[in-house]
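> Structure file structure-v2.cif (mmCIF, C-alpha atoms and all ligand atoms) is given on the next line.
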```cif
data_query
#
loop_
_atom_site.label_atom_id
_atom_site.label_comp_id
_atom_site.auth_asym_id
_atom_site.auth_seq_id
_atom_site.Cartn_x
_atom_site.Cartn_y
_atom_site.Cartn_z
CA MET A 811 20.33 3.06 2.62
CA GLN A 812 17.75 0.50 3.71
CA LEU A 813 20.19 -1.24 6.05
CA LEU A 814 21.00 2.06 7.70
CA HIS A 815 17.32 2.69 8.07
CA TYR A 816 16.67 -0.72 9.67
CA PHE A 817 19.46 0.04 12.09
CA ARG A 818 18.17 3.52 12.90
CA ASN A 819 14.68 2.15 13.43
CA SER A 820 15.88 -0.59 15.74
CA ILE A 821 17.77 1.93 17.86
CA PHE A 822 14.71 4.19 17.88
CA LEU A 823 12.47 1.36 19.02
CA ILE A 824 14.91 0.13 21.64
CA LEU A 825 15.14 3.68 23.03
CA ALA A 826 11.37 4.07 22.91
CA LEU A 827 10.86 0.78 24.72
CA GLY A 828 13.53 1.68 27.25
CA LEU A 829 11.80 4.97 27.99
CA ALA A 830 8.43 3.27 28.17
CA GLY A 831 9.95 0.77 30.59
CA CYS A 832 11.39 3.52 32.82
CA ALA A 833 8.16 5.44 32.90
CA GLY A 834 5.84 2.45 33.09
CA THR A 835 4.35 0.28 35.80
CA ASN A 836 5.88 -2.95 37.09
CA SER A 837 3.79 -5.19 34.90
CA ALA A 838 3.17 -4.40 31.26
CA PRO A 839 -0.43 -3.66 30.29
CA GLU A 840 -2.16 -6.53 28.59
CA THR A 841 -4.04 -5.74 25.40
CA GLU A 842 -7.36 -7.33 24.48
CA ALA A 843 -5.69 -10.00 22.39
CA GLY A 844 -3.26 -10.74 25.19
CA ALA A 845 -0.19 -9.15 23.63
CA SER A 846 2.01 -7.51 26.20
CA GLU A 847 3.40 -4.09 25.45
CA THR A 848 6.90 -5.19 26.39
CA ASP A 849 6.80 -7.97 23.81
CA LEU A 850 8.48 -7.29 20.49
CA SER A 851 6.55 -5.05 18.17
CA LEU A 852 5.93 -6.09 14.56
CA ALA A 853 8.67 -3.76 13.34
CA GLU A 854 11.14 -5.17 15.84
CA ALA A 855 10.18 -8.78 15.25
CA TYR A 856 10.69 -8.43 11.50
CA ALA A 857 13.58 -5.94 11.62
CA GLY A 858 16.00 -8.44 10.09
CA ASN A 859 13.59 -9.39 7.32
CA PHE A 860 11.72 -6.43 5.85
CA TYR A 861 9.96 -3.20 6.75
CA ILE A 862 6.48 -3.47 8.19
CA GLY A 863 4.40 -0.54 6.96
CA ALA A 864 0.93 0.90 7.30
CA ALA A 865 -1.09 3.22 5.09
CA ILE A 866 -2.19 6.33 6.95
CA ASN A 867 -4.80 8.96 6.35
CA ALA A 868 -5.65 12.51 7.44
CA PRO A 869 -6.95 11.65 10.96
CA GLN A 870 -3.61 10.07 11.81
CA ILE A 871 -1.54 12.68 10.01
CA ILE A 872 -3.13 15.56 11.89
CA GLY A 873 -2.89 13.74 15.21
CA GLN A 874 -6.63 13.22 15.71
CA ASP A 875 -6.63 9.41 15.83
CA THR A 876 -4.38 9.07 18.87
CA ALA A 877 -4.91 5.33 19.40
CA ALA A 878 -3.87 4.56 15.82
CA LEU A 879 -0.91 6.93 16.13
CA ARG A 880 0.30 5.11 19.21
CA VAL A 881 0.15 1.82 17.32
CA LEU A 882 1.87 3.40 14.33
CA ALA A 883 4.74 4.67 16.46
CA ARG A 884 5.30 1.33 18.11
CA GLU A 885 4.48 -1.33 15.53
CA PHE A 886 5.38 0.01 12.09
CA ASN A 887 8.59 1.35 10.57
CA SER A 888 7.26 2.44 7.19
CA ILE A 889 4.29 4.57 6.11
CA THR A 890 2.34 5.08 2.89
CA PRO A 891 -0.18 7.91 2.34
CA GLU A 892 -3.47 6.16 1.63
CA ASN A 893 -4.94 9.20 -0.12
CA VAL A 894 -3.26 12.53 0.60
CA MET A 895 -0.67 12.41 -2.19
CA LYS A 896 -3.00 11.35 -4.99
CA TRP A 897 -3.01 13.67 -7.98
CA GLU A 898 -6.52 15.08 -7.45
CA ASN A 899 -5.69 15.84 -3.82
CA ILE A 900 -2.24 17.33 -4.25
CA GLN A 901 -2.65 19.12 -7.60
CA PRO A 902 -6.35 19.68 -8.24
CA GLY A 903 -5.69 22.19 -11.01
CA PRO A 904 -2.78 22.74 -13.42
CA ASP A 905 -1.57 25.68 -11.35
CA SER A 906 -2.90 24.77 -7.94
CA PHE A 907 -1.14 22.62 -5.37
CA THR A 908 -2.41 21.67 -1.93
CA TRP A 909 0.69 20.66 -0.04
CA GLU A 910 -0.48 20.97 3.55
CA MET A 911 -1.50 17.38 4.27
CA ALA A 912 1.31 15.86 2.22
CA ASP A 913 3.87 18.04 4.00
CA ALA A 914 2.40 16.98 7.35
CA TYR A 915 2.61 13.33 6.26
CA VAL A 916 6.32 13.61 5.46
CA ASP A 917 6.95 15.56 8.70
CA LEU A 918 5.28 12.79 10.70
CA GLY A 919 7.35 10.15 8.94
CA GLU A 920 10.54 12.01 9.76
CA GLN A 921 9.54 12.58 13.38
CA GLN A 922 8.94 8.84 13.76
CA ASP A 923 11.93 7.91 11.59
CA LYS A 924 9.86 5.84 9.18
CA TRP A 925 10.76 4.51 5.74
CA ILE A 926 8.53 6.98 3.88
CA ILE A 927 6.65 5.95 0.75
CA GLY A 928 5.08 8.31 -1.79
CA HIS A 929 1.85 7.09 -3.41
CA THR A 930 1.36 7.69 -6.31
CA LEU A 931 2.66 9.87 -9.17
CA VAL A 932 0.86 8.51 -12.26
CA TRP A 933 -2.49 6.78 -11.87
CA HIS A 934 -5.55 6.92 -14.11
CA SER A 935 -7.84 6.88 -11.07
CA GLN A 936 -8.18 9.87 -8.74
CA ALA A 937 -6.67 12.06 -11.45
CA PRO A 938 -8.33 15.47 -11.76
CA ALA A 939 -10.70 16.29 -14.61
CA TYR A 940 -8.14 18.46 -16.42
CA ILE A 941 -6.05 15.30 -16.91
CA ASN A 942 -8.85 12.95 -17.90
CA GLU A 943 -10.32 15.49 -20.29
CA THR A 944 -7.07 16.30 -22.10
CA THR A 945 -7.08 15.31 -25.74
CA ASP A 946 -3.76 16.80 -26.82
CA PRO A 947 -0.80 14.42 -26.34
CA ASP A 948 1.75 17.24 -25.96
CA GLN A 949 -0.37 18.92 -23.32
CA LEU A 950 -0.78 15.66 -21.40
CA ARG A 951 2.95 14.94 -21.54
CA THR A 952 3.63 18.41 -20.18
CA TYR A 953 1.07 17.98 -17.39
CA MET A 954 2.60 14.66 -16.41
CA GLU A 955 6.13 16.03 -16.44
CA GLU A 956 5.17 19.10 -14.39
CA HIS A 957 3.32 16.96 -11.87
CA ILE A 958 6.16 14.52 -11.32
CA ARG A 959 8.80 17.26 -11.14
CA ALA A 960 6.75 19.29 -8.67
CA VAL A 961 5.69 16.47 -6.35
CA ALA A 962 8.69 14.14 -6.43
CA GLY A 963 11.00 17.17 -6.52
CA ARG A 964 9.42 18.79 -3.46
CA TYR A 965 10.15 15.73 -1.32
CA ALA A 966 13.49 14.78 -2.88
CA GLY A 967 15.77 13.39 -0.19
CA ARG A 968 12.82 12.94 2.21
CA ILE A 969 10.59 10.34 0.55
CA ASP A 970 12.42 7.01 0.42
CA GLY A 971 10.43 5.26 -2.30
CA TRP A 972 7.81 6.28 -4.86
CA ASP A 973 5.01 4.33 -6.47
CA VAL A 974 5.76 6.05 -9.77
CA LEU A 975 3.18 4.22 -11.84
CA ASN A 976 0.06 2.62 -10.40
CA GLU A 977 -2.26 0.05 -12.00
CA ALA A 978 -1.26 0.47 -15.64
CA LEU A 979 -2.18 -3.09 -16.59
CA ASN A 980 -5.31 -5.01 -17.51
CA GLU A 981 -5.84 -8.49 -16.09
CA ASP A 982 -4.55 -10.10 -19.30
CA GLY A 983 -1.26 -8.23 -19.00
CA SER A 984 -2.00 -5.73 -21.76
CA TYR A 985 -1.80 -2.00 -21.07
CA ARG A 986 -4.83 -0.35 -19.52
CA GLU A 987 -6.45 2.14 -21.90
CA SER A 988 -5.91 5.06 -19.54
CA VAL A 989 -5.78 8.60 -20.86
CA PHE A 990 -1.99 8.33 -20.63
CA TYR A 991 -1.78 5.18 -22.74
CA LYS A 992 -4.39 6.33 -25.23
CA LEU A 993 -2.62 9.62 -25.95
CA LEU A 994 1.02 8.74 -25.38
CA GLY A 995 1.32 4.97 -25.83
CA GLU A 996 3.93 2.93 -23.96
CA GLN A 997 6.33 5.89 -24.08
CA TYR A 998 4.52 7.55 -21.16
CA ILE A 999 5.86 4.82 -18.88
CA VAL A 1000 9.43 5.41 -20.00
CA ASP A 1001 9.02 9.17 -19.59
CA ALA A 1002 7.46 8.87 -16.13
CA TYR A 1003 10.39 6.88 -14.73
CA ARG A 1004 13.00 9.08 -16.43
CA ILE A 1005 11.44 12.23 -14.96
CA ALA A 1006 10.97 10.65 -11.51
CA ALA A 1007 14.62 9.55 -11.43
CA GLU A 1008 15.69 13.08 -12.29
CA ALA A 1009 13.36 14.74 -9.78
CA ALA A 1010 14.07 12.36 -6.89
CA PRO A 1011 17.45 10.79 -7.58
CA ASP A 1012 17.77 9.22 -4.12
CA ALA A 1013 14.30 7.67 -3.94
CA GLU A 1014 13.58 4.09 -4.89
CA LEU A 1015 11.16 3.85 -7.82
CA TYR A 1016 8.42 1.22 -7.95
CA TYR A 1017 5.70 -0.18 -10.19
CA ASN A 1018 2.57 -0.90 -8.10
CA ASP A 1019 -0.52 -2.92 -9.05
CA TYR A 1020 -3.18 -5.32 -7.76
CA ASN A 1021 -3.64 -8.97 -8.77
CA LEU A 1022 0.04 -9.21 -9.66
CA ASN A 1023 -0.18 -12.86 -8.61
CA ASN A 1024 -2.31 -13.46 -11.72
CA PRO A 1025 0.02 -15.20 -14.26
CA GLU A 1026 -1.12 -13.11 -17.24
CA LYS A 1027 -0.82 -9.85 -15.38
CA ARG A 1028 2.56 -10.99 -14.08
CA THR A 1029 3.79 -11.14 -17.67
CA GLY A 1030 2.74 -7.51 -18.10
CA ALA A 1031 4.56 -6.36 -14.97
CA VAL A 1032 7.74 -8.16 -16.00
CA ARG A 1033 7.41 -6.48 -19.40
CA ILE A 1034 7.28 -3.04 -17.72
CA VAL A 1035 10.39 -3.77 -15.67
CA ASN A 1036 12.24 -4.93 -18.79
CA LEU A 1037 11.02 -1.97 -20.85
CA LEU A 1038 12.52 0.42 -18.31
CA LYS A 1039 15.76 -1.51 -18.09
CA GLU A 1040 16.07 -1.62 -21.88
CA ASN A 1041 15.72 2.15 -21.87
CA GLY A 1042 18.54 2.46 -19.36
CA LEU A 1043 16.16 3.51 -16.61
CA ARG A 1044 15.96 2.59 -12.99
CA ILE A 1045 13.13 0.54 -11.51
CA ASP A 1046 13.90 -0.59 -7.99
CA GLY A 1047 10.89 -2.65 -7.10
CA VAL A 1048 7.57 -4.21 -7.93
CA GLY A 1049 4.76 -3.58 -5.47
CA MET A 1050 2.24 -6.39 -5.24
CA GLN A 1051 -0.69 -4.65 -3.58
CA GLY A 1052 -2.06 -7.75 -1.86
CA HIS A 1053 -5.80 -7.10 -1.59
CA TYR A 1054 -6.58 -10.72 -0.85
CA ASN A 1055 -9.37 -12.74 0.74
CA LEU A 1056 -9.65 -15.80 2.96
CA ASN A 1057 -9.65 -18.27 0.07
CA GLY A 1058 -7.75 -16.65 -2.73
CA PRO A 1059 -5.43 -16.18 -4.36
CA PRO A 1060 -3.53 -19.46 -3.93
CA ILE A 1061 -0.25 -19.02 -2.03
CA GLU A 1062 1.58 -20.85 -4.85
CA GLU A 1063 0.45 -18.23 -7.36
CA VAL A 1064 1.67 -15.41 -5.15
CA GLU A 1065 4.96 -17.24 -4.69
CA ALA A 1066 5.44 -17.72 -8.44
CA SER A 1067 5.04 -13.95 -8.89
CA ILE A 1068 7.53 -13.12 -6.12
CA GLU A 1069 10.02 -15.37 -7.90
CA ALA A 1070 9.31 -13.88 -11.32
CA TYR A 1071 9.77 -10.28 -10.14
CA ALA A 1072 12.86 -11.15 -8.10
CA ALA A 1073 14.34 -12.81 -11.20
CA THR A 1074 14.28 -9.43 -12.98
CA GLY A 1075 16.52 -8.04 -10.25
CA ALA A 1076 13.72 -5.89 -8.80
CA LYS A 1077 12.94 -5.83 -5.10
CA VAL A 1078 9.51 -7.17 -4.21
CA MET A 1079 7.07 -5.46 -1.87
CA PHE A 1080 3.60 -6.19 -0.56
CA THR A 1081 2.32 -2.66 -0.57
CA GLU A 1082 -1.38 -2.71 0.35
CA LEU A 1083 -1.97 -5.95 2.21
CA ASP A 1084 -5.42 -6.70 3.63
CA LEU A 1085 -7.70 -9.74 3.76
CA THR A 1086 -11.36 -9.09 3.21
CA THR A 1087 -13.59 -11.28 5.32
CA LEU A 1088 -16.96 -10.40 3.80
CA PRO A 1089 -18.95 -11.87 0.89
CA ASN A 1090 -18.21 -10.35 -2.47
CA PRO A 1091 -21.20 -9.52 -4.71
CA TRP A 1092 -19.16 -10.53 -7.75
CA ASP A 1093 -18.87 -14.07 -6.40
CA LEU A 1094 -22.62 -14.52 -6.07
CA GLN A 1095 -24.06 -16.46 -8.96
CA GLY A 1096 -26.32 -14.31 -11.01
CA ALA A 1097 -25.69 -11.30 -8.80
CA ASP A 1098 -26.10 -7.98 -10.46
CA VAL A 1099 -23.17 -5.92 -9.27
CA ASN A 1100 -25.18 -2.78 -9.82
CA GLN A 1101 -27.82 -4.01 -7.42
CA ASN A 1102 -27.85 -2.02 -4.19
CA PHE A 1103 -26.57 -4.28 -1.43
CA GLU A 1104 -26.30 -1.55 1.19
CA GLY A 1105 -28.00 -2.55 4.42
CA SER A 1106 -28.27 -6.20 3.37
CA GLU A 1107 -27.62 -8.44 6.39
CA LYS A 1108 -26.55 -11.29 4.14
CA MET A 1109 -23.76 -9.15 2.72
CA ASN A 1110 -22.75 -7.76 6.13
CA PRO A 1111 -22.79 -10.84 8.36
CA TYR A 1112 -20.44 -9.68 11.14
CA ALA A 1113 -21.86 -6.25 11.91
CA ALA A 1114 -22.35 -7.25 15.55
CA GLY A 1115 -18.96 -8.94 15.95
CA LEU A 1116 -16.72 -11.58 14.48
CA PRO A 1117 -17.20 -15.27 15.41
CA ASP A 1118 -14.07 -16.88 16.88
CA SER A 1119 -13.93 -19.37 14.03
CA VAL A 1120 -13.61 -16.57 11.46
CA SER A 1121 -11.08 -14.68 13.57
CA THR A 1122 -8.97 -17.84 13.63
CA LYS A 1123 -9.32 -18.25 9.87
CA ILE A 1124 -8.04 -14.73 9.31
CA ALA A 1125 -5.13 -15.37 11.67
CA GLU A 1126 -4.21 -18.59 9.86
CA ARG A 1127 -4.37 -16.93 6.46
CA TYR A 1128 -2.13 -14.08 7.66
CA ALA A 1129 0.32 -16.64 9.06
CA ASP A 1130 0.38 -18.43 5.70
CA PHE A 1131 1.24 -15.20 3.92
CA PHE A 1132 3.89 -14.11 6.41
CA ASN A 1133 5.45 -17.57 6.24
CA LEU A 1134 5.69 -17.09 2.50
CA PHE A 1135 7.18 -13.60 2.94
CA LEU A 1136 9.77 -14.95 5.37
CA LYS A 1137 10.68 -17.71 2.94
CA HIS A 1138 11.40 -15.03 0.33
CA ASP A 1139 12.85 -12.35 2.56
CA GLU A 1140 15.92 -12.11 0.34
CA ALA A 1141 13.69 -10.54 -2.30
CA ILE A 1142 11.02 -8.89 -0.16
CA THR A 1143 11.96 -5.54 1.36
CA ARG A 1144 8.63 -4.32 2.72
CA VAL A 1145 5.19 -5.53 3.75
CA THR A 1146 2.69 -2.70 4.18
CA LEU A 1147 -0.81 -3.14 5.60
CA TRP A 1148 -3.47 -0.99 3.90
CA GLY A 1149 -4.46 0.82 7.07
CA VAL A 1150 -3.54 0.80 10.74
CA ASN A 1151 -6.78 -0.68 12.03
CA ASP A 1152 -10.06 -2.20 10.85
CA ALA A 1153 -11.98 1.05 11.33
CA GLN A 1154 -9.79 2.82 8.78
CA SER A 1155 -10.02 0.16 6.07
CA TRP A 1156 -11.41 1.10 2.66
CA LEU A 1157 -12.97 -2.39 2.66
CA ASN A 1158 -15.73 -1.16 4.99
CA ASN A 1159 -16.96 0.83 1.98
CA TRP A 1160 -15.99 -1.25 -1.03
CA PRO A 1161 -17.51 -2.88 -3.00
CA ILE A 1162 -20.51 -2.12 -0.77
CA ARG A 1163 -20.71 0.93 1.45
CA GLY A 1164 -21.19 0.81 5.21
CA ARG A 1165 -20.16 -2.75 6.05
CA THR A 1166 -18.13 -4.01 9.01
CA ASN A 1167 -14.98 -5.65 7.71
CA TYR A 1168 -12.04 -7.17 9.62
CA PRO A 1169 -9.14 -7.14 7.17
CA LEU A 1170 -6.17 -5.84 9.20
CA LEU A 1171 -4.04 -6.74 12.24
CA PHE A 1172 -5.55 -4.22 14.68
CA ASP A 1173 -9.21 -3.95 15.62
CA ARG A 1174 -11.46 -0.89 15.67
CA ASP A 1175 -9.96 0.24 18.98
CA SER A 1176 -6.45 -0.28 17.63
CA ALA A 1177 -5.95 -3.34 19.86
CA PRO A 1178 -3.97 -6.23 18.34
CA LYS A 1179 -6.08 -9.09 16.98
CA GLU A 1180 -5.59 -12.83 16.87
CA ALA A 1181 -4.07 -12.27 13.41
CA TYR A 1182 -1.46 -9.95 14.97
CA ASP A 1183 -0.49 -12.64 17.47
CA ALA A 1184 -0.22 -15.20 14.67
CA VAL A 1185 2.11 -12.96 12.67
CA ILE A 1186 4.29 -12.15 15.69
CA ALA A 1187 4.36 -15.83 16.73
CA LEU A 1188 6.21 -16.74 13.53
CA LYS A 1189 9.21 -14.81 14.83
CA GLN A 1190 9.23 -16.15 18.41
O1 LIG B 1201 -12.47 12.82 1.48
C1 LIG B 1201 -13.78 12.64 0.92
C2 LIG B 1201 -14.81 13.15 1.85
O2 LIG B 1201 -14.66 14.54 1.99
C3 LIG B 1201 -16.20 12.79 1.30
O3 LIG B 1201 -17.17 13.19 2.19
C4 LIG B 1201 -16.33 11.30 1.06
C5 LIG B 1201 -17.65 10.90 0.42
O4 LIG B 1201 -17.54 9.69 -0.27
O5 LIG B 1201 -15.30 10.92 0.19
C6 LIG B 1201 -14.01 11.17 0.70
O6 LIG B 1201 -13.07 10.74 -0.21
C7 LIG B 1201 -12.90 9.33 -0.32
C8 LIG B 1201 -11.45 9.01 0.01
O7 LIG B 1201 -11.22 7.65 -0.22
C9 LIG B 1201 -11.09 9.31 1.46
O8 LIG B 1201 -11.86 8.52 2.32
C10 LIG B 1201 -13.23 8.93 -1.75
O9 LIG B 1201 -14.60 9.10 -1.99
C11 LIG B 1201 -12.85 7.49 -1.96
O10 LIG B 1201 -12.98 7.18 -3.34
C12 LIG B 1201 -11.42 7.28 -1.57
O11 LIG B 1201 -11.14 5.93 -1.72
C13 LIG B 1201 -9.77 5.56 -1.72
C14 LIG B 1201 -9.47 4.89 -3.08
O12 LIG B 1201 -8.14 4.40 -3.07
C15 LIG B 1201 -9.57 5.85 -4.23
O13 LIG B 1201 -8.58 6.82 -4.13
C16 LIG B 1201 -9.52 4.61 -0.59
O14 LIG B 1201 -9.65 5.32 0.65
C17 LIG B 1201 -8.11 4.02 -0.70
O15 LIG B 1201 -7.94 3.02 0.25
C18 LIG B 1201 -7.92 3.43 -2.08
O16 LIG B 1201 -6.60 2.97 -2.18
C19 LIG B 1201 -6.28 2.30 -3.41
C20 LIG B 1201 -4.81 2.58 -3.70
O17 LIG B 1201 -4.58 3.97 -3.74
C21 LIG B 1201 -4.38 1.91 -4.99
N1 LIG B 1201 -4.66 0.49 -4.97
C22 LIG B 1201 -6.05 0.14 -4.63
C23 LIG B 1201 -6.45 0.76 -3.31
C24 LIG B 1201 -7.82 0.34 -2.90
O18 LIG B 1201 -8.77 0.82 -3.81
#
```
Go ahead and render the structure in this file as structure tokens.
Ligand code: G3I

Amino acid sequence: MQLLHYFRNSIFLILALGLAGCAGTNSAPETEAGASETDLSLAEAYAGNFYIGAAINAPQIIGQDTAALRVLAREFNSITPENVMKWENIQPGPDSFTWEMADAYVDLGEQQDKWIIGHTLVWHSQAPAYINETTDPDQLRTYMEEHIRAVAGRYAGRIDGWDVLNEALNEDGSYRESVFYKLLGEQYIVDAYRIAAEAAPDAELYYNDYNLNNPEKRTGAVRIVNLLKENGLRIDGVGMQGHYNLNGPPIEEVEASIEAYAATGAKVMFTELDLTTLPNPWDLQGADVNQNFEGSEKMNPYAAGLPDSVSTKIAERYADFFNLFLKHDEAITRVTLWGVNDAQSWLNNWPIRGRTNYPLLFDRDSAPKEAYDAVIALKQ
């Protein structure tokens, strides 16, 4: 199925480029970073290796953010909904569903022939109050089953892969004490994948989490994959989110995790890649994380623009990661950036609101950055 999709996407892009060529001027427009529009796009450059995805949000889905949409159409061949399919958004009450934005997301993916990801069916965060406040295990199991059947079932045959379970682990590899684990124990994981497989039999099913490079957490993720296999259930891939920074984690640690997940037989994906470039309050010695850092110049050093030296650092770090991904492209099937451009990134508002961060491959005007050129250069 994936191979067919790669092929279809390549044809789509070749046709799109051909049309652009016919309709265009004699010389291709140069972007700010110098990339020419007739050069290979990211999706084309990496077509033989893995999908290149982007998370998208309402402004792109409803066609408001036209610059980002143009980049999406040309550069990416997979999409993930950053927020619109989360439980509290799609099923705010036991009997109330808000399908409009999620339907529009899937429609857009089909129009652009993307590899369409669903994110996410079971997650402790962004779950509505009626879930978090449930105290009856049978009621919670029923809620979970109804949610998965309704959402995964609605898009069966249209969504290509689901993040079934998101962030179920603590850093030491033990299970997070979410409402699901507290009331249902480990069995909720088994049930979630069984129900998802029944509701969306053609979709790939993933486990998705952050810090999956961390050796202790890695043990937990491998345990989840094995638990499902021992129960005769399907788990197609492990999604390493990839919220990294300029210094950590070490590439070797990320590599060891790719190898460990691949050894289970699961596909490996980088599902939410971004590189924060700003100081982290948790790294400051003696910093009180509850202190209000908003408006602090020290914590928002590049509000007026990024120095060339930092731009180059970001580009080099991206190149290091993509070199690693290429080395393991037998196992890696997708690399998704957590946003199309820097303006969209959640990292402008976390862990401190209102900062100017530079974590992605396209700038605030959706022009390719030095990091984009570095990633493309690996394939030229
Ligand atoms: O839509 C409302 C808006 O109406 C309101 O005015 C505004 C006020 O704060 O909030 C808006 O909702 C925000 C939403 O993003 C859309 O921008 C929520 O407060 C905010 O909590 C939410 O954050 C998202 C976060 O998940 C929580 O769902 C981020 O955009 C999104 O990038 C982030 O993504 C997660 C992945 O799903 C899982 N892995 C970690 C990753 C980063 O935290």
> What do you get as a PyMOL selection string if you pick all residues at most 9 Å from ligand LIG 1201 (chain B), counting only C-alpha atoms and all ligand atoms?
chain A and resi 865+867-868+891-894+896+929-930+933+935-936+976-977+1018-1020+1051+1053+1081-1082+1148-1149+1154-1157+1159-1160
> Could you save the residues just selected, with C-alpha atoms, as a PDB file, keeping the file's coordinate frame?

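Contents of the output file out_28.pdb:
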```pdb
ATOM      1  CA  ALA A 865      -1.090   3.220   5.090  1.00  0.00           C
ATOM      2  CA  ASN A 867      -4.800   8.960   6.350  1.00  0.00           C
ATOM      3  CA  ALA A 868      -5.650  12.510   7.440  1.00  0.00           C
ATOM      4  CA  PRO A 891      -0.180   7.910   2.340  1.00  0.00           C
ATOM      5  CA  GLU A 892      -3.470   6.160   1.630  1.00  0.00           C
ATOM      6  CA  ASN A 893      -4.940   9.200  -0.120  1.00  0.00           C
ATOM      7  CA  VAL A 894      -3.260  12.530   0.600  1.00  0.00           C
ATOM      8  CA  LYS A 896      -3.000  11.350  -4.990  1.00  0.00           C
ATOM      9  CA  HIS A 929       1.850   7.090  -3.410  1.00  0.00           C
ATOM     10  CA  THR A 930       1.360   7.690  -6.310  1.00  0.00           C
ATOM     11  CA  TRP A 933      -2.490   6.780 -11.870  1.00  0.00           C
ATOM     12  CA  SER A 935      -7.840   6.880 -11.070  1.00  0.00           C
ATOM     13  CA  GLN A 936      -8.180   9.870  -8.740  1.00  0.00           C
ATOM     14  CA  ASN A 976       0.060   2.620 -10.400  1.00  0.00           C
ATOM     15  CA  GLU A 977      -2.260   0.050 -12.000  1.00  0.00           C
ATOM     16  CA  ASN A1018       2.570  -0.900  -8.100  1.00  0.00           C
ATOM     17  CA  ASP A1019      -0.520  -2.920  -9.050  1.00  0.00           C
ATOM     18  CA  TYR A1020      -3.180  -5.320  -7.760  1.00  0.00           C
ATOM     19  CA  GLN A1051      -0.690  -4.650  -3.580  1.00  0.00           C
ATOM     20  CA  HIS A1053      -5.800  -7.100  -1.590  1.00  0.00           C
ATOM     21  CA  THR A1081       2.320  -2.660  -0.570  1.00  0.00           C
ATOM     22  CA  GLU A1082      -1.380  -2.710   0.350  1.00  0.00           C
ATOM     23  CA  TRP A1148      -3.470  -0.990   3.900  1.00  0.00           C
ATOM     24  CA  GLY A1149      -4.460   0.820   7.070  1.00  0.00           C
ATOM     25  CA  GLN A1154      -9.790   2.820   8.780  1.00  0.00           C
ATOM     26  CA  SER A1155     -10.020   0.160   6.070  1.00  0.00           C
ATOM     27  CA  TRP A1156     -11.410   1.100   2.660  1.00  0.00           C
ATOM     28  CA  LEU A1157     -12.970  -2.390   2.660  1.00  0.00           C
ATOM     29  CA  ASN A1159     -16.960   0.830   1.980  1.00  0.00           C
ATOM     30  CA  TRP A1160     -15.990  -1.250  -1.030  1.00  0.00           C
TER      31      TRP A1160
END
```
> Find the residue from A:Glu956, A:Glu987, A:Glu1126, A:Glu1069 that sits nearest to His1138 of chain A; use all atoms listed in the file when measuring.
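Checking each of A:Glu956, A:Glu987, A:Glu1126, A:Glu1069 against His1138 of chain A, counting all atoms listed in the file, the winner is A:Glu1069.
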> Using only C-alpha atoms, determine which residues lie at most 6 Å from Ala1141 of chain A, disregarding the query and same-chain residues fewer than 3 positions distant; provide the list as a ChimeraX atom specification.
/A:1072,1077-1078,1138
> Atom CA of Tyr915 of chain A and atom CA of Thr890 of chain A are how many Å apart?
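It comes out at 8.9 Å.
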> So, with all atoms listed in the file as the atoms that count, which of A:Ser1121, A:Ser888, A:Gln901, A:Ser1067 lies closest to Leu1022 of chain A?
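That would be A:Ser1067, the residue with the smallest distance to Leu1022 of chain A.
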> Name the closest residue to Asn1057 of chain A among the candidates A:Ile941, A:Ile1124, A:Val932, A:Ala1129; distances are taken between atoms, counting all atoms listed in the file.
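Looking only at the distances to Asn1057 of chain A, the closest residue turns out to be A:Ile1124.
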> Compile the contact shell of Asn1110 of chain A as a list in words: residues with an atom at most 12 Å away, counting all atoms listed in the file, same-chain residues fewer than 6 positions apart removed.
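Skipping anything fewer than 6 positions along the chain leaves Thr1086, Thr1087, Leu1088, Pro1089, Asn1090, Pro1091, Phe1103, Glu1104, Leu1116, Leu1157, Asn1158, Asn1159, Trp1160, Pro1161, Ile1162, Arg1163, Gly1164, Arg1165, Thr1166, Asn1167 and Tyr1168 of chain A.
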> So, with all atoms listed in the file as the atoms that count, which of A:Gln949, A:Thr1074, A:Ser1106, A:Ser851 lies closest to Leu993 of chain A?
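Among the listed residues, A:Gln949 lies closest to Leu993 of chain A.
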> Closest to Ile900 of chain A among A:Ile862, A:Ala1187, A:Ala1010, A:Ala912, using all atoms listed in the file?
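Going through A:Ile862, A:Ala1187, A:Ala1010, A:Ala912 one by one, the smallest distance to Ile900 of chain A is for A:Ala912.
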> What's the 6 Å shell around Leu852 of chain A, counting all atoms listed in the file, without same-chain residues fewer than 2 positions away, as a VMD selection string?
chain A and resid 854 to 855 885
> Near segment 997-1004 of chain A, within 10 Å and counting all atoms listed in the file, which residues show up once chain neighbours fewer than 2 positions away are dropped, as number ranges by chain?
A: 931-932, 950-951, 954-955, 958-959, 974-975, 978, 990-995, 1006-1009, 1015-1017, 1034, 1037-1045
> Quick one: distance from atom CA of Tyr861 of chain A to atom CA of Ile1142 of chain A in Å, one decimal?
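Going from atom CA of Tyr861 of chain A over to atom CA of Ile1142 of chain A covers 9.0 Å.
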> Go ahead and compute the interatomic distance for atom CA of Tyr1182 of chain A and atom CA of Met1109 of chain A, in Å to one decimal.
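For atom CA of Tyr1182 of chain A relative to atom CA of Met1109 of chain A, the distance reads 25.5 Å.
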> In terms of the shortest atom-to-atom distance over only C-alpha atoms, which of A:Glu1062, A:Arg1028, A:Ala1076, A:Glu1180 is closest to Ser1119 of chain A?
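Looking only at the distances to Ser1119 of chain A, the closest residue turns out to be A:Glu1180.
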> Which residues are close to Leu879 of chain A, i.e. within 12 Å by all atoms listed in the file, leaving aside same-chain residues fewer than 2 positions away? Reply as a list in words.
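Selected residues are Ala864, Ala865, Ile866, Asn867, Ala868, Pro869, Gln870, Ile871, Ile872, Gly873, Gln874, Asp875, Thr876, Ala877, Val881, Leu882, Ala883, Arg884, Glu885, Phe886, Ile889, Leu918, Gly919, Gln922, Gly1149, Val1150, Asn1151, Asp1175 and Ser1176 of chain A.
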